[in-house]
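Text of structure_25.cif, listed as mmCIF, C-alpha atoms and all ligand atoms:
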data_model
#
loop_
_atom_site.group_PDB
_atom_site.id
_atom_site.type_symbol
_atom_site.label_atom_id
_atom_site.label_comp_id
_atom_site.auth_asym_id
_atom_site.auth_seq_id
_atom_site.Cartn_x
_atom_site.Cartn_y
_atom_site.Cartn_z
ATOM 1 C CA MET A 113 -67.223 -68.704 -20.595
ATOM 2 C CA ASP A 114 -64.894 -71.532 -21.730
ATOM 3 C CA LYS A 115 -61.331 -71.203 -20.504
ATOM 4 C CA PRO A 116 -58.863 -70.527 -23.381
ATOM 5 C CA PRO A 117 -56.763 -73.621 -24.131
ATOM 6 C CA ILE A 118 -53.023 -73.025 -23.638
ATOM 7 C CA LEU A 119 -49.853 -75.105 -23.918
ATOM 8 C CA GLN A 120 -47.547 -74.931 -20.896
ATOM 9 C CA ILE A 121 -43.986 -75.831 -21.942
ATOM 10 C CA GLY A 122 -42.211 -76.123 -18.600
ATOM 11 C CA PRO A 123 -43.075 -76.368 -14.883
ATOM 12 C CA TYR A 124 -44.023 -73.377 -12.737
ATOM 13 C CA PRO A 125 -44.157 -73.228 -8.942
ATOM 14 C CA GLN A 126 -47.514 -74.203 -7.412
ATOM 15 C CA TRP A 127 -48.317 -70.571 -6.627
ATOM 16 C CA ASP A 128 -48.295 -69.964 -10.389
ATOM 17 C CA GLN A 129 -49.810 -73.281 -11.453
ATOM 18 C CA GLU A 130 -52.992 -72.851 -9.467
ATOM 19 C CA PRO A 131 -54.065 -69.487 -10.936
ATOM 20 C CA LEU A 132 -52.998 -70.610 -14.399
ATOM 21 C CA ASP A 133 -55.170 -73.724 -14.134
ATOM 22 C CA ALA A 134 -58.035 -71.581 -12.832
ATOM 23 C CA ALA A 135 -57.911 -69.200 -15.782
ATOM 24 C CA PHE A 136 -56.985 -71.518 -18.648
ATOM 25 C CA GLN A 137 -57.439 -75.034 -19.955
ATOM 26 C CA VAL A 138 -53.785 -75.978 -19.504
ATOM 27 C CA HIS A 139 -52.096 -78.732 -21.512
ATOM 28 C CA ARG A 140 -48.786 -79.591 -19.840
ATOM 29 C CA TYR A 141 -46.303 -80.250 -22.654
ATOM 30 C CA PHE A 142 -43.472 -81.019 -20.212
ATOM 31 C CA GLU A 143 -45.476 -83.848 -18.605
ATOM 32 C CA ALA A 144 -46.473 -85.552 -21.868
ATOM 33 C CA ALA A 145 -44.899 -88.976 -22.406
ATOM 34 C CA ASP A 146 -45.421 -88.526 -26.156
ATOM 35 C CA LYS A 147 -45.026 -84.802 -26.878
ATOM 36 C CA ALA A 148 -45.613 -85.170 -30.626
ATOM 37 C CA LYS A 149 -48.849 -87.023 -29.889
ATOM 38 C CA LEU A 150 -49.995 -84.283 -27.520
ATOM 39 C CA LEU A 151 -49.336 -81.602 -30.132
ATOM 40 C CA ALA A 152 -51.178 -83.637 -32.768
ATOM 41 C CA GLU A 153 -54.175 -84.018 -30.444
ATOM 42 C CA VAL A 154 -54.474 -80.506 -28.984
ATOM 43 C CA GLY A 155 -52.302 -78.299 -31.224
ATOM 44 C CA SER A 156 -55.222 -76.988 -33.294
ATOM 45 C CA SER A 157 -57.048 -75.834 -30.144
ATOM 46 C CA ILE A 158 -54.109 -73.995 -28.580
ATOM 47 C CA ARG A 159 -54.519 -70.197 -28.476
ATOM 48 C CA ALA A 160 -51.535 -69.386 -26.240
ATOM 49 C CA ILE A 161 -48.202 -70.848 -25.166
ATOM 50 C CA ALA A 162 -46.806 -70.230 -21.663
ATOM 51 C CA THR A 163 -43.100 -70.995 -21.700
ATOM 52 C CA ARG A 164 -39.837 -70.326 -19.850
ATOM 53 C CA GLY A 165 -36.879 -68.231 -21.060
ATOM 54 C CA GLU A 166 -34.595 -71.181 -21.603
ATOM 55 C CA LEU A 167 -37.320 -73.326 -23.212
ATOM 56 C CA GLY A 168 -38.931 -70.835 -25.609
ATOM 57 C CA ALA A 169 -41.056 -72.090 -28.524
ATOM 58 C CA SER A 170 -39.582 -73.573 -31.705
ATOM 59 C CA ARG A 171 -40.916 -73.052 -35.202
ATOM 60 C CA ALA A 172 -42.115 -76.665 -35.252
ATOM 61 C CA MET A 173 -44.069 -76.130 -32.029
ATOM 62 C CA ILE A 174 -45.548 -72.867 -33.317
ATOM 63 C CA GLU A 175 -46.555 -74.505 -36.612
ATOM 64 C CA ALA A 176 -48.211 -77.360 -34.709
ATOM 65 C CA CYS A 177 -50.548 -74.723 -33.210
ATOM 66 C CA PRO A 178 -52.305 -73.141 -36.222
ATOM 67 C CA ASN A 179 -54.597 -71.020 -34.030
ATOM 68 C CA LEU A 180 -51.836 -69.713 -31.753
ATOM 69 C CA GLU A 181 -52.289 -66.048 -30.849
ATOM 70 C CA VAL A 182 -49.705 -65.267 -28.151
ATOM 71 C CA ILE A 183 -46.560 -66.658 -26.474
ATOM 72 C CA SER A 184 -45.905 -65.538 -22.895
ATOM 73 C CA VAL A 185 -42.309 -66.064 -21.699
ATOM 74 C CA TYR A 186 -41.464 -66.527 -17.999
ATOM 75 C CA GLY A 187 -38.112 -64.750 -18.228
ATOM 76 C CA VAL A 188 -36.554 -61.733 -19.904
ATOM 77 C CA GLY A 189 -34.690 -63.732 -22.551
ATOM 78 C CA PHE A 190 -36.838 -64.610 -25.560
ATOM 79 C CA ASP A 191 -34.006 -65.929 -27.746
ATOM 80 C CA ALA A 192 -35.444 -69.454 -27.597
ATOM 81 C CA VAL A 193 -38.689 -68.269 -29.217
ATOM 82 C CA ASP A 194 -38.669 -68.387 -33.035
ATOM 83 C CA LEU A 195 -39.603 -64.737 -33.542
ATOM 84 C CA GLN A 196 -39.579 -65.023 -37.333
ATOM 85 C CA ALA A 197 -42.208 -67.759 -37.165
ATOM 86 C CA CYS A 198 -44.251 -65.466 -34.909
ATOM 87 C CA ARG A 199 -43.857 -62.474 -37.229
ATOM 88 C CA GLU A 200 -45.049 -64.532 -40.208
ATOM 89 C CA ARG A 201 -48.360 -65.196 -38.452
ATOM 90 C CA GLY A 202 -48.765 -62.070 -36.343
ATOM 91 C CA ILE A 203 -48.352 -64.028 -33.104
ATOM 92 C CA ARG A 204 -47.717 -61.776 -30.110
ATOM 93 C CA VAL A 205 -44.791 -62.460 -27.785
ATOM 94 C CA THR A 206 -44.306 -61.175 -24.227
ATOM 95 C CA ASN A 207 -41.562 -61.561 -21.599
ATOM 96 C CA THR A 208 -40.952 -60.562 -17.965
ATOM 97 C CA PRO A 209 -38.362 -57.748 -17.914
ATOM 98 C CA ASP A 210 -37.639 -55.381 -14.997
ATOM 99 C CA VAL A 211 -39.045 -57.611 -12.236
ATOM 100 C CA LEU A 212 -35.917 -59.804 -12.389
ATOM 101 C CA THR A 213 -33.239 -57.202 -13.251
ATOM 102 C CA ASN A 214 -31.945 -56.581 -9.744
ATOM 103 C CA ASP A 215 -31.777 -60.215 -8.667
ATOM 104 C CA VAL A 216 -29.840 -61.133 -11.812
ATOM 105 C CA ALA A 217 -27.417 -58.255 -11.231
ATOM 106 C CA ASP A 218 -27.055 -59.211 -7.553
ATOM 107 C CA LEU A 219 -26.063 -62.767 -8.421
ATOM 108 C CA GLY A 220 -23.541 -61.560 -11.010
ATOM 109 C CA ILE A 221 -21.814 -59.421 -8.377
ATOM 110 C CA ALA A 222 -21.988 -62.245 -5.842
ATOM 111 C CA MET A 223 -20.408 -64.640 -8.362
ATOM 112 C CA MET A 224 -17.533 -62.220 -8.965
ATOM 113 C CA LEU A 225 -16.864 -61.794 -5.230
ATOM 114 C CA CYS A 226 -17.321 -65.483 -4.426
ATOM 115 C CA LEU A 227 -14.865 -66.647 -7.097
ATOM 116 C CA SER A 228 -12.303 -63.875 -6.693
ATOM 117 C CA ARG A 229 -12.103 -64.371 -2.915
ATOM 118 C CA GLY A 230 -12.299 -68.189 -3.174
ATOM 119 C CA MET A 231 -15.298 -68.499 -0.873
ATOM 120 C CA ILE A 232 -16.498 -71.934 -2.030
ATOM 121 C CA SER A 233 -13.122 -73.605 -1.427
ATOM 122 C CA ALA A 234 -12.662 -71.557 1.739
ATOM 123 C CA GLU A 235 -15.878 -73.075 3.120
ATOM 124 C CA THR A 236 -14.403 -76.532 2.352
ATOM 125 C CA TRP A 237 -11.124 -75.452 3.981
ATOM 126 C CA VAL A 238 -13.016 -74.942 7.226
ATOM 127 C CA ARG A 239 -15.375 -77.919 6.988
ATOM 128 C CA ASP A 240 -12.789 -80.590 5.977
ATOM 129 C CA GLY A 241 -10.354 -79.666 8.760
ATOM 130 C CA SER A 242 -7.715 -78.125 6.473
ATOM 131 C CA TRP A 243 -7.664 -74.929 8.503
ATOM 132 C CA ALA A 244 -6.672 -76.787 11.645
ATOM 133 C CA GLN A 245 -4.349 -79.218 9.846
ATOM 134 C CA LYS A 246 -2.763 -77.046 7.132
ATOM 135 C CA GLY A 247 -3.112 -73.544 8.562
ATOM 136 C CA LEU A 248 -4.038 -70.351 6.810
ATOM 137 C CA TYR A 249 -6.202 -70.449 3.718
ATOM 138 C CA PRO A 250 -4.285 -69.478 0.521
ATOM 139 C CA LEU A 251 -4.453 -65.816 -0.453
ATOM 140 C CA LYS A 252 -6.871 -64.843 -3.219
ATOM 141 C CA ARG A 253 -7.476 -61.665 -5.281
ATOM 142 C CA ARG A 254 -9.181 -58.422 -4.345
ATOM 143 C CA VAL A 255 -12.122 -56.957 -6.204
ATOM 144 C CA TRP A 256 -12.316 -53.339 -5.027
ATOM 145 C CA GLY A 257 -10.446 -50.771 -7.084
ATOM 146 C CA ARG A 258 -9.768 -53.124 -10.019
ATOM 147 C CA ARG A 259 -11.140 -52.889 -13.564
ATOM 148 C CA ALA A 260 -14.579 -54.105 -14.623
ATOM 149 C CA GLY A 261 -16.022 -54.431 -18.122
ATOM 150 C CA VAL A 262 -19.737 -54.826 -18.851
ATOM 151 C CA LEU A 263 -20.580 -56.342 -22.244
ATOM 152 C CA GLY A 264 -24.114 -55.128 -22.880
ATOM 153 C CA LEU A 265 -25.384 -52.101 -20.936
ATOM 154 C CA GLY A 266 -29.091 -52.868 -21.026
ATOM 155 C CA ARG A 267 -31.257 -53.116 -17.891
ATOM 156 C CA ILE A 268 -29.214 -55.889 -16.263
ATOM 157 C CA GLY A 269 -25.810 -54.574 -17.384
ATOM 158 C CA PHE A 270 -26.651 -51.131 -16.029
ATOM 159 C CA GLU A 271 -27.625 -52.552 -12.636
ATOM 160 C CA VAL A 272 -24.386 -54.578 -12.573
ATOM 161 C CA ALA A 273 -22.390 -51.408 -13.332
ATOM 162 C CA LYS A 274 -24.293 -49.494 -10.628
ATOM 163 C CA ARG A 275 -23.290 -52.132 -8.089
ATOM 164 C CA LEU A 276 -19.676 -52.163 -9.273
ATOM 165 C CA LYS A 277 -19.399 -48.442 -8.491
ATOM 166 C CA GLY A 278 -19.756 -49.403 -4.853
ATOM 167 C CA PHE A 279 -16.421 -51.233 -5.142
ATOM 168 C CA ASP A 280 -14.619 -48.123 -6.482
ATOM 169 C CA MET A 281 -13.840 -49.995 -9.706
ATOM 170 C CA GLN A 282 -12.827 -48.512 -13.048
ATOM 171 C CA ILE A 283 -15.897 -49.348 -15.135
ATOM 172 C CA ALA A 284 -16.068 -49.598 -18.914
ATOM 173 C CA TYR A 285 -18.784 -51.039 -21.118
ATOM 174 C CA SER A 286 -19.375 -52.153 -24.674
ATOM 175 C CA ASP A 287 -22.656 -51.918 -26.551
ATOM 176 C CA VAL A 288 -23.881 -51.079 -30.049
ATOM 177 C CA GLU A 289 -23.522 -47.388 -29.139
ATOM 178 C CA ALA A 290 -22.643 -45.180 -26.199
ATOM 179 C CA LYS A 291 -25.514 -44.850 -23.713
ATOM 180 C CA PRO A 292 -26.555 -41.334 -22.567
ATOM 181 C CA TYR A 293 -27.310 -42.696 -19.115
ATOM 182 C CA ALA A 294 -23.734 -43.971 -18.719
ATOM 183 C CA SER A 295 -21.709 -40.758 -19.035
ATOM 184 C CA ASP A 296 -19.776 -41.646 -15.873
ATOM 185 C CA MET A 297 -18.476 -44.874 -17.443
ATOM 186 C CA THR A 298 -16.079 -45.438 -20.345
ATOM 187 C CA PHE A 299 -17.644 -46.573 -23.624
ATOM 188 C CA VAL A 300 -15.497 -49.067 -25.567
ATOM 189 C CA ALA A 301 -17.066 -50.122 -28.866
ATOM 190 C CA ASP A 302 -14.910 -53.205 -29.437
ATOM 191 C CA PRO A 303 -15.460 -56.160 -27.042
ATOM 192 C CA VAL A 304 -11.819 -57.233 -27.512
ATOM 193 C CA GLU A 305 -10.617 -53.802 -26.412
ATOM 194 C CA LEU A 306 -13.047 -53.920 -23.483
ATOM 195 C CA ALA A 307 -11.617 -57.279 -22.414
ATOM 196 C CA LYS A 308 -8.061 -55.931 -22.651
ATOM 197 C CA GLN A 309 -9.044 -53.165 -20.205
ATOM 198 C CA SER A 310 -10.831 -55.492 -17.768
ATOM 199 C CA ASP A 311 -9.950 -57.719 -14.840
ATOM 200 C CA PHE A 312 -13.602 -58.798 -14.558
ATOM 201 C CA LEU A 313 -15.741 -59.032 -17.701
ATOM 202 C CA PHE A 314 -19.513 -59.369 -17.245
ATOM 203 C CA VAL A 315 -21.544 -60.751 -20.154
ATOM 204 C CA THR A 316 -24.990 -59.194 -19.743
ATOM 205 C CA LEU A 317 -26.238 -58.636 -23.270
ATOM 206 C CA ALA A 318 -29.486 -60.101 -24.617
ATOM 207 C CA ALA A 319 -28.781 -63.216 -26.684
ATOM 208 C CA SER A 320 -29.606 -63.298 -30.392
ATOM 209 C CA ALA A 321 -28.197 -64.631 -33.662
ATOM 210 C CA ALA A 322 -26.203 -61.383 -33.854
ATOM 211 C CA THR A 323 -24.512 -61.933 -30.478
ATOM 212 C CA ARG A 324 -23.780 -65.654 -30.857
ATOM 213 C CA HIS A 325 -20.217 -66.351 -29.693
ATOM 214 C CA ILE A 326 -19.506 -62.639 -29.334
ATOM 215 C CA VAL A 327 -17.160 -63.832 -26.589
ATOM 216 C CA GLY A 328 -14.780 -66.005 -28.595
ATOM 217 C CA HIS A 329 -11.038 -66.746 -28.617
ATOM 218 C CA GLU A 330 -10.055 -63.102 -29.145
ATOM 219 C CA VAL A 331 -12.131 -61.674 -26.267
ATOM 220 C CA ILE A 332 -11.210 -64.529 -23.940
ATOM 221 C CA GLU A 333 -7.457 -64.225 -24.607
ATOM 222 C CA ALA A 334 -7.667 -60.428 -24.312
ATOM 223 C CA LEU A 335 -9.162 -60.889 -20.829
ATOM 224 C CA GLY A 336 -6.191 -63.132 -20.148
ATOM 225 C CA PRO A 337 -4.611 -65.281 -17.418
ATOM 226 C CA GLU A 338 -5.461 -62.788 -14.662
ATOM 227 C CA GLY A 339 -8.976 -62.132 -15.962
ATOM 228 C CA MET A 340 -12.366 -63.436 -14.833
ATOM 229 C CA LEU A 341 -15.367 -63.915 -17.126
ATOM 230 C CA ILE A 342 -18.826 -63.718 -15.526
ATOM 231 C CA ASN A 343 -21.791 -64.899 -17.631
ATOM 232 C CA ILE A 344 -25.344 -64.185 -16.435
ATOM 233 C CA SER A 345 -26.829 -63.880 -19.925
ATOM 234 C CA ARG A 346 -27.029 -66.904 -22.227
ATOM 235 C CA ALA A 347 -24.457 -69.586 -23.004
ATOM 236 C CA SER A 348 -24.840 -68.826 -26.714
ATOM 237 C CA ASN A 349 -23.069 -65.480 -26.196
ATOM 238 C CA ILE A 350 -19.874 -67.425 -25.460
ATOM 239 C CA ASP A 351 -17.878 -69.875 -27.610
ATOM 240 C CA GLU A 352 -17.891 -72.571 -24.942
ATOM 241 C CA GLU A 353 -15.186 -74.660 -26.639
ATOM 242 C CA ALA A 354 -12.879 -71.627 -26.691
ATOM 243 C CA LEU A 355 -13.764 -70.914 -23.060
ATOM 244 C CA LEU A 356 -13.016 -74.445 -21.905
ATOM 245 C CA GLU A 357 -9.708 -74.547 -23.794
ATOM 246 C CA ALA A 358 -8.643 -71.214 -22.293
ATOM 247 C CA LEU A 359 -9.589 -72.273 -18.760
ATOM 248 C CA GLU A 360 -7.810 -75.629 -19.142
ATOM 249 C CA THR A 361 -4.605 -74.052 -20.501
ATOM 250 C CA GLY A 362 -4.553 -70.975 -18.250
ATOM 251 C CA LYS A 363 -5.060 -68.523 -21.115
ATOM 252 C CA LEU A 364 -8.060 -67.336 -19.058
ATOM 253 C CA GLY A 365 -7.761 -67.021 -15.302
ATOM 254 C CA SER A 366 -11.270 -68.008 -14.225
ATOM 255 C CA ALA A 367 -14.971 -67.963 -15.076
ATOM 256 C CA ALA A 368 -18.185 -67.647 -13.079
ATOM 257 C CA LEU A 369 -21.057 -69.110 -15.104
ATOM 258 C CA ASP A 370 -24.816 -69.307 -14.540
ATOM 259 C CA VAL A 371 -25.656 -70.635 -18.009
ATOM 260 C CA PHE A 372 -24.324 -73.474 -20.159
ATOM 261 C CA GLU A 373 -24.791 -74.993 -23.584
ATOM 262 C CA GLY A 374 -27.121 -77.978 -23.253
ATOM 263 C CA GLU A 375 -28.035 -77.095 -19.652
ATOM 264 C CA PRO A 376 -28.726 -78.735 -17.296
ATOM 265 C CA LYS A 377 -26.425 -81.339 -18.931
ATOM 266 C CA LEU A 378 -23.296 -79.127 -19.032
ATOM 267 C CA ASP A 379 -20.023 -80.214 -20.601
ATOM 268 C CA PRO A 380 -18.276 -82.475 -18.016
ATOM 269 C CA ARG A 381 -14.995 -80.675 -18.735
ATOM 270 C CA PHE A 382 -16.310 -77.841 -16.528
ATOM 271 C CA LEU A 383 -16.528 -80.252 -13.586
ATOM 272 C CA ALA A 384 -12.791 -81.022 -13.786
ATOM 273 C CA LEU A 385 -11.798 -77.349 -13.463
ATOM 274 C CA ASP A 386 -10.921 -75.620 -10.173
ATOM 275 C CA ASN A 387 -10.935 -72.118 -11.685
ATOM 276 C CA VAL A 388 -14.674 -71.930 -12.317
ATOM 277 C CA LEU A 389 -17.771 -71.137 -10.281
ATOM 278 C CA LEU A 390 -20.757 -73.086 -11.598
ATOM 279 C CA GLN A 391 -24.324 -71.935 -10.906
ATOM 280 C CA PRO A 392 -27.573 -73.652 -12.082
ATOM 281 C CA HIS A 393 -29.144 -70.830 -14.121
ATOM 282 C CA HIS A 394 -30.754 -69.296 -11.071
ATOM 283 C CA ALA A 395 -29.843 -65.612 -11.373
ATOM 284 C CA SER A 396 -33.520 -64.679 -11.122
ATOM 285 C CA GLY A 397 -34.188 -67.538 -8.697
ATOM 286 C CA THR A 398 -35.668 -65.818 -5.659
ATOM 287 C CA ILE A 399 -39.195 -66.338 -4.359
ATOM 288 C CA GLU A 400 -39.984 -62.655 -4.692
ATOM 289 C CA THR A 401 -38.785 -62.348 -8.282
ATOM 290 C CA ARG A 402 -40.243 -65.630 -9.517
ATOM 291 C CA LYS A 403 -43.654 -64.695 -8.071
ATOM 292 C CA ALA A 404 -43.462 -61.400 -9.935
ATOM 293 C CA MET A 405 -42.430 -63.188 -13.138
ATOM 294 C CA GLY A 406 -45.300 -65.646 -12.873
ATOM 295 C CA GLN A 407 -47.773 -62.852 -12.249
ATOM 296 C CA LEU A 408 -46.516 -61.021 -15.329
ATOM 297 C CA VAL A 409 -46.890 -64.163 -17.456
ATOM 298 C CA ARG A 410 -50.541 -64.367 -16.395
ATOM 299 C CA ASP A 411 -51.120 -60.611 -16.719
ATOM 300 C CA ASN A 412 -49.917 -60.728 -20.327
ATOM 301 C CA LEU A 413 -52.161 -63.683 -21.135
ATOM 302 C CA ALA A 414 -55.155 -62.109 -19.413
ATOM 303 C CA ALA A 415 -54.616 -58.798 -21.223
ATOM 304 C CA HIS A 416 -54.417 -60.571 -24.564
ATOM 305 C CA PHE A 417 -57.639 -62.490 -24.081
ATOM 306 C CA ALA A 418 -59.375 -59.362 -22.794
ATOM 307 C CA GLY A 419 -58.327 -57.480 -25.926
ATOM 308 C CA GLN A 420 -56.275 -55.071 -23.851
ATOM 309 C CA ALA A 421 -52.740 -53.691 -24.335
ATOM 310 C CA LEU A 422 -50.048 -56.197 -23.366
ATOM 311 C CA PRO A 423 -48.049 -55.137 -20.249
ATOM 312 C CA THR A 424 -44.634 -56.252 -21.544
ATOM 313 C CA PRO A 425 -44.730 -56.989 -25.298
ATOM 314 C CA VAL A 426 -41.719 -58.161 -27.315
ATOM 315 C CA LEU A 427 -43.676 -58.580 -30.574
HETATM 316 C C1 LIG A 501 -35.180 -67.296 -15.835
HETATM 317 C C2 LIG A 501 -33.767 -66.312 -17.624
HETATM 318 O O1 LIG A 501 -34.795 -67.903 -14.659
HETATM 319 O O2 LIG A 501 -35.016 -64.355 -17.546
HETATM 320 C C3 LIG A 501 -34.455 -65.182 -18.278
HETATM 321 O O3 LIG A 501 -34.400 -65.103 -19.506
HETATM 322 O O4 LIG A 501 -33.008 -67.007 -18.211
HETATM 323 C C4 LIG A 501 -33.970 -66.544 -16.204
HETATM 324 O O5 LIG A 501 -34.037 -65.292 -15.563
HETATM 325 C C5 LIG A 501 -35.641 -68.408 -16.738
HETATM 326 O O6 LIG A 501 -36.032 -67.945 -17.959
HETATM 327 C C6 LIG A 501 -36.782 -69.120 -16.030
HETATM 328 O O7 LIG A 501 -36.977 -70.367 -16.592
#
Hey, can you dump this file as structure tokens for me?
Amino acid sequence: MDKPPILQIGPYPQWDQEPLDAAFQVHRYFEAADKAKLLAEVGSSIRAIATRGELGASRAMIEACPNLEVISVYGVGFDAVDLQACRERGIRVTNTPDVLTNDVADLGIAMMLCLSRGMISAETWVRDGSWAQKGLYPLKRRVWGRRAGVLGLGRIGFEVAKRLKGFDMQIAYSDVEAKPYASDMTFVADPVELAKQSDFLFVTLAASAATRHIVGHEVIEALGPEGMLINISRASNIDEEALLEALETGKLGSAALDVFEGEPKLDPRFLALDNVLLQPHHASGTIETRKAMGQLVRDNLAAHFAGQALPTPVL
């Protein structure tokens, strides 16, 4: 039987590429010198799109594929997929939740510890001879026993909160409503109020038009000069101009960020700051998790073409 033609938007590791090539006629959008030309040539044959969370599928791309049936996202975030365009044509959308939850939560906790205890500059302090020449490394701030806020208590936010309990922290969270599974934590409806009550504020909510810049001037200044913002969600959840201004002026103490507007070309102002920890959008970036994500991308595609129920549908 002919292999279904699909459009692959971004690169996958070889262990994913090989089975994908074996099962489908893959057109590699990311390798095309002339992407518009590729879409014009193959768009009408494309039955599925395999994409990545941060790459998604725009309305223009979806409309260039008039026979598109399904979009499979390698990632839990589907905010870069034009869902309205999919709804208009009954195009299915899938993502890869659960398999990455714990790794993303682990990195969020690691970012908090690393920045609060100054581990990156401490490593330099040892390597560049400062320890021997200048003496003791400057004191930093503790984590245990302080106050943590979690903005968005979905799968990832809940796993972050679970880990924070191990540090004997006072934990509060904000979400659209109180969660029955979080009775041991304090529900704070207003993100500004949550920030006021937090030393460490984790942004873990799924990104959408409704959450765009939910962390703006008010939340950032409520977190304040002693506060730390940790973002393992999407850059769009934060007003990056307000964040940069607050970090540059000291209105916000520090920020640990895994996602950026325009990534991987982040605003160079971040590079001039010494009160930030910068990570290259790799919260789910472990071999184990990425293999599971890739498998789920293929399982969703295979289920669709076999006429079976989709393992992890979004639409
Ligand atoms: C992935 C992510 O690394 O899951 C998501 O939505 O942003 C990350 O976990 C990314 O989508 C892979 O390209």
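Of the residues under consideration (A:Gly397, A:Gly406, A:Gly336, A:Gly247), A:Gly397 shows the shortest atom-to-atom contact distance to ligand LIG 501 (chain A) when counting all atoms listed in the file.
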_Please compute the CA of Gly155 (chain A)-CA of Pro425 (chain A) distance, one decimal, in Å._
23.4 Å
*Within 9 Å of ligand LIG 501 (chain A), counting all atoms listed in the file: which residues, as a PyMOL selection string?*
chain A and resi 122-124+163-168+185-191+207-209+212-213+215-216+318+344-346+371+393-397+402+405
Produce a file of the selected residues containing C-alpha atoms, as a PDB file, in the coordinates of the input.
ATOM      1  CA  GLY A 122     -42.211 -76.123 -18.600  1.00  0.00           C
ATOM      2  CA  PRO A 123     -43.075 -76.368 -14.883  1.00  0.00           C
ATOM      3  CA  TYR A 124     -44.023 -73.377 -12.737  1.00  0.00           C
ATOM      4  CA  THR A 163     -43.100 -70.995 -21.700  1.00  0.00           C
ATOM      5  CA  ARG A 164     -39.837 -70.326 -19.850  1.00  0.00           C
ATOM      6  CA  GLY A 165     -36.879 -68.231 -21.060  1.00  0.00           C
ATOM      7  CA  GLU A 166     -34.595 -71.181 -21.603  1.00  0.00           C
ATOM      8  CA  LEU A 167     -37.320 -73.326 -23.212  1.00  0.00           C
ATOM      9  CA  GLY A 168     -38.931 -70.835 -25.609  1.00  0.00           C
ATOM     10  CA  VAL A 185     -42.309 -66.064 -21.699  1.00  0.00           C
ATOM     11  CA  TYR A 186     -41.464 -66.527 -17.999  1.00  0.00           C
ATOM     12  CA  GLY A 187     -38.112 -64.750 -18.228  1.00  0.00           C
ATOM     13  CA  VAL A 188     -36.554 -61.733 -19.904  1.00  0.00           C
ATOM     14  CA  GLY A 189     -34.690 -63.732 -22.551  1.00  0.00           C
ATOM     15  CA  PHE A 190     -36.838 -64.610 -25.560  1.00  0.00           C
ATOM     16  CA  ASP A 191     -34.006 -65.929 -27.746  1.00  0.00           C
ATOM     17  CA  ASN A 207     -41.562 -61.561 -21.599  1.00  0.00           C
ATOM     18  CA  THR A 208     -40.952 -60.562 -17.965  1.00  0.00           C
ATOM     19  CA  PRO A 209     -38.362 -57.748 -17.914  1.00  0.00           C
ATOM     20  CA  LEU A 212     -35.917 -59.804 -12.389  1.00  0.00           C
ATOM     21  CA  THR A 213     -33.239 -57.202 -13.251  1.00  0.00           C
ATOM     22  CA  ASP A 215     -31.777 -60.215  -8.667  1.00  0.00           C
ATOM     23  CA  VAL A 216     -29.840 -61.133 -11.812  1.00  0.00           C
ATOM     24  CA  ALA A 318     -29.486 -60.101 -24.617  1.00  0.00           C
ATOM     25  CA  ILE A 344     -25.344 -64.185 -16.435  1.00  0.00           C
ATOM     26  CA  SER A 345     -26.829 -63.880 -19.925  1.00  0.00           C
ATOM     27  CA  ARG A 346     -27.029 -66.904 -22.227  1.00  0.00           C
ATOM     28  CA  VAL A 371     -25.656 -70.635 -18.009  1.00  0.00           C
ATOM     29  CA  HIS A 393     -29.144 -70.830 -14.121  1.00  0.00           C
ATOM     30  CA  HIS A 394     -30.754 -69.296 -11.071  1.00  0.00           C
ATOM     31  CA  ALA A 395     -29.843 -65.612 -11.373  1.00  0.00           C
ATOM     32  CA  SER A 396     -33.520 -64.679 -11.122  1.00  0.00           C
ATOM     33  CA  GLY A 397     -34.188 -67.538  -8.697  1.00  0.00           C
ATOM     34  CA  ARG A 402     -40.243 -65.630  -9.517  1.00  0.00           C
ATOM     35  CA  MET A 405     -42.430 -63.188 -13.138  1.00  0.00           C
TER      36      MET A 405
END
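Considering all atoms listed in the file, the residue among A:Gly362, A:Pro125, A:Pro116, A:Gly278 positioned nearest to Val138 (chain A) is A:Pro116.
Here CA of Leu335 (chain A) is placed at a distance of 14.5 Å from CA of Ile283 (chain A).
Proximity of A:Ala172, A:Cys198, A:Val262, A:Ile268 to Asp218 (chain A), computed with only C-alpha atoms, is greatest for A:Ile268.
Proximity to Pro250 (chain A) was assessed for A:Val193, A:Met231, A:Ile158, A:Met173 counting only C-alpha atoms; the smallest distance is recorded for A:Met231.
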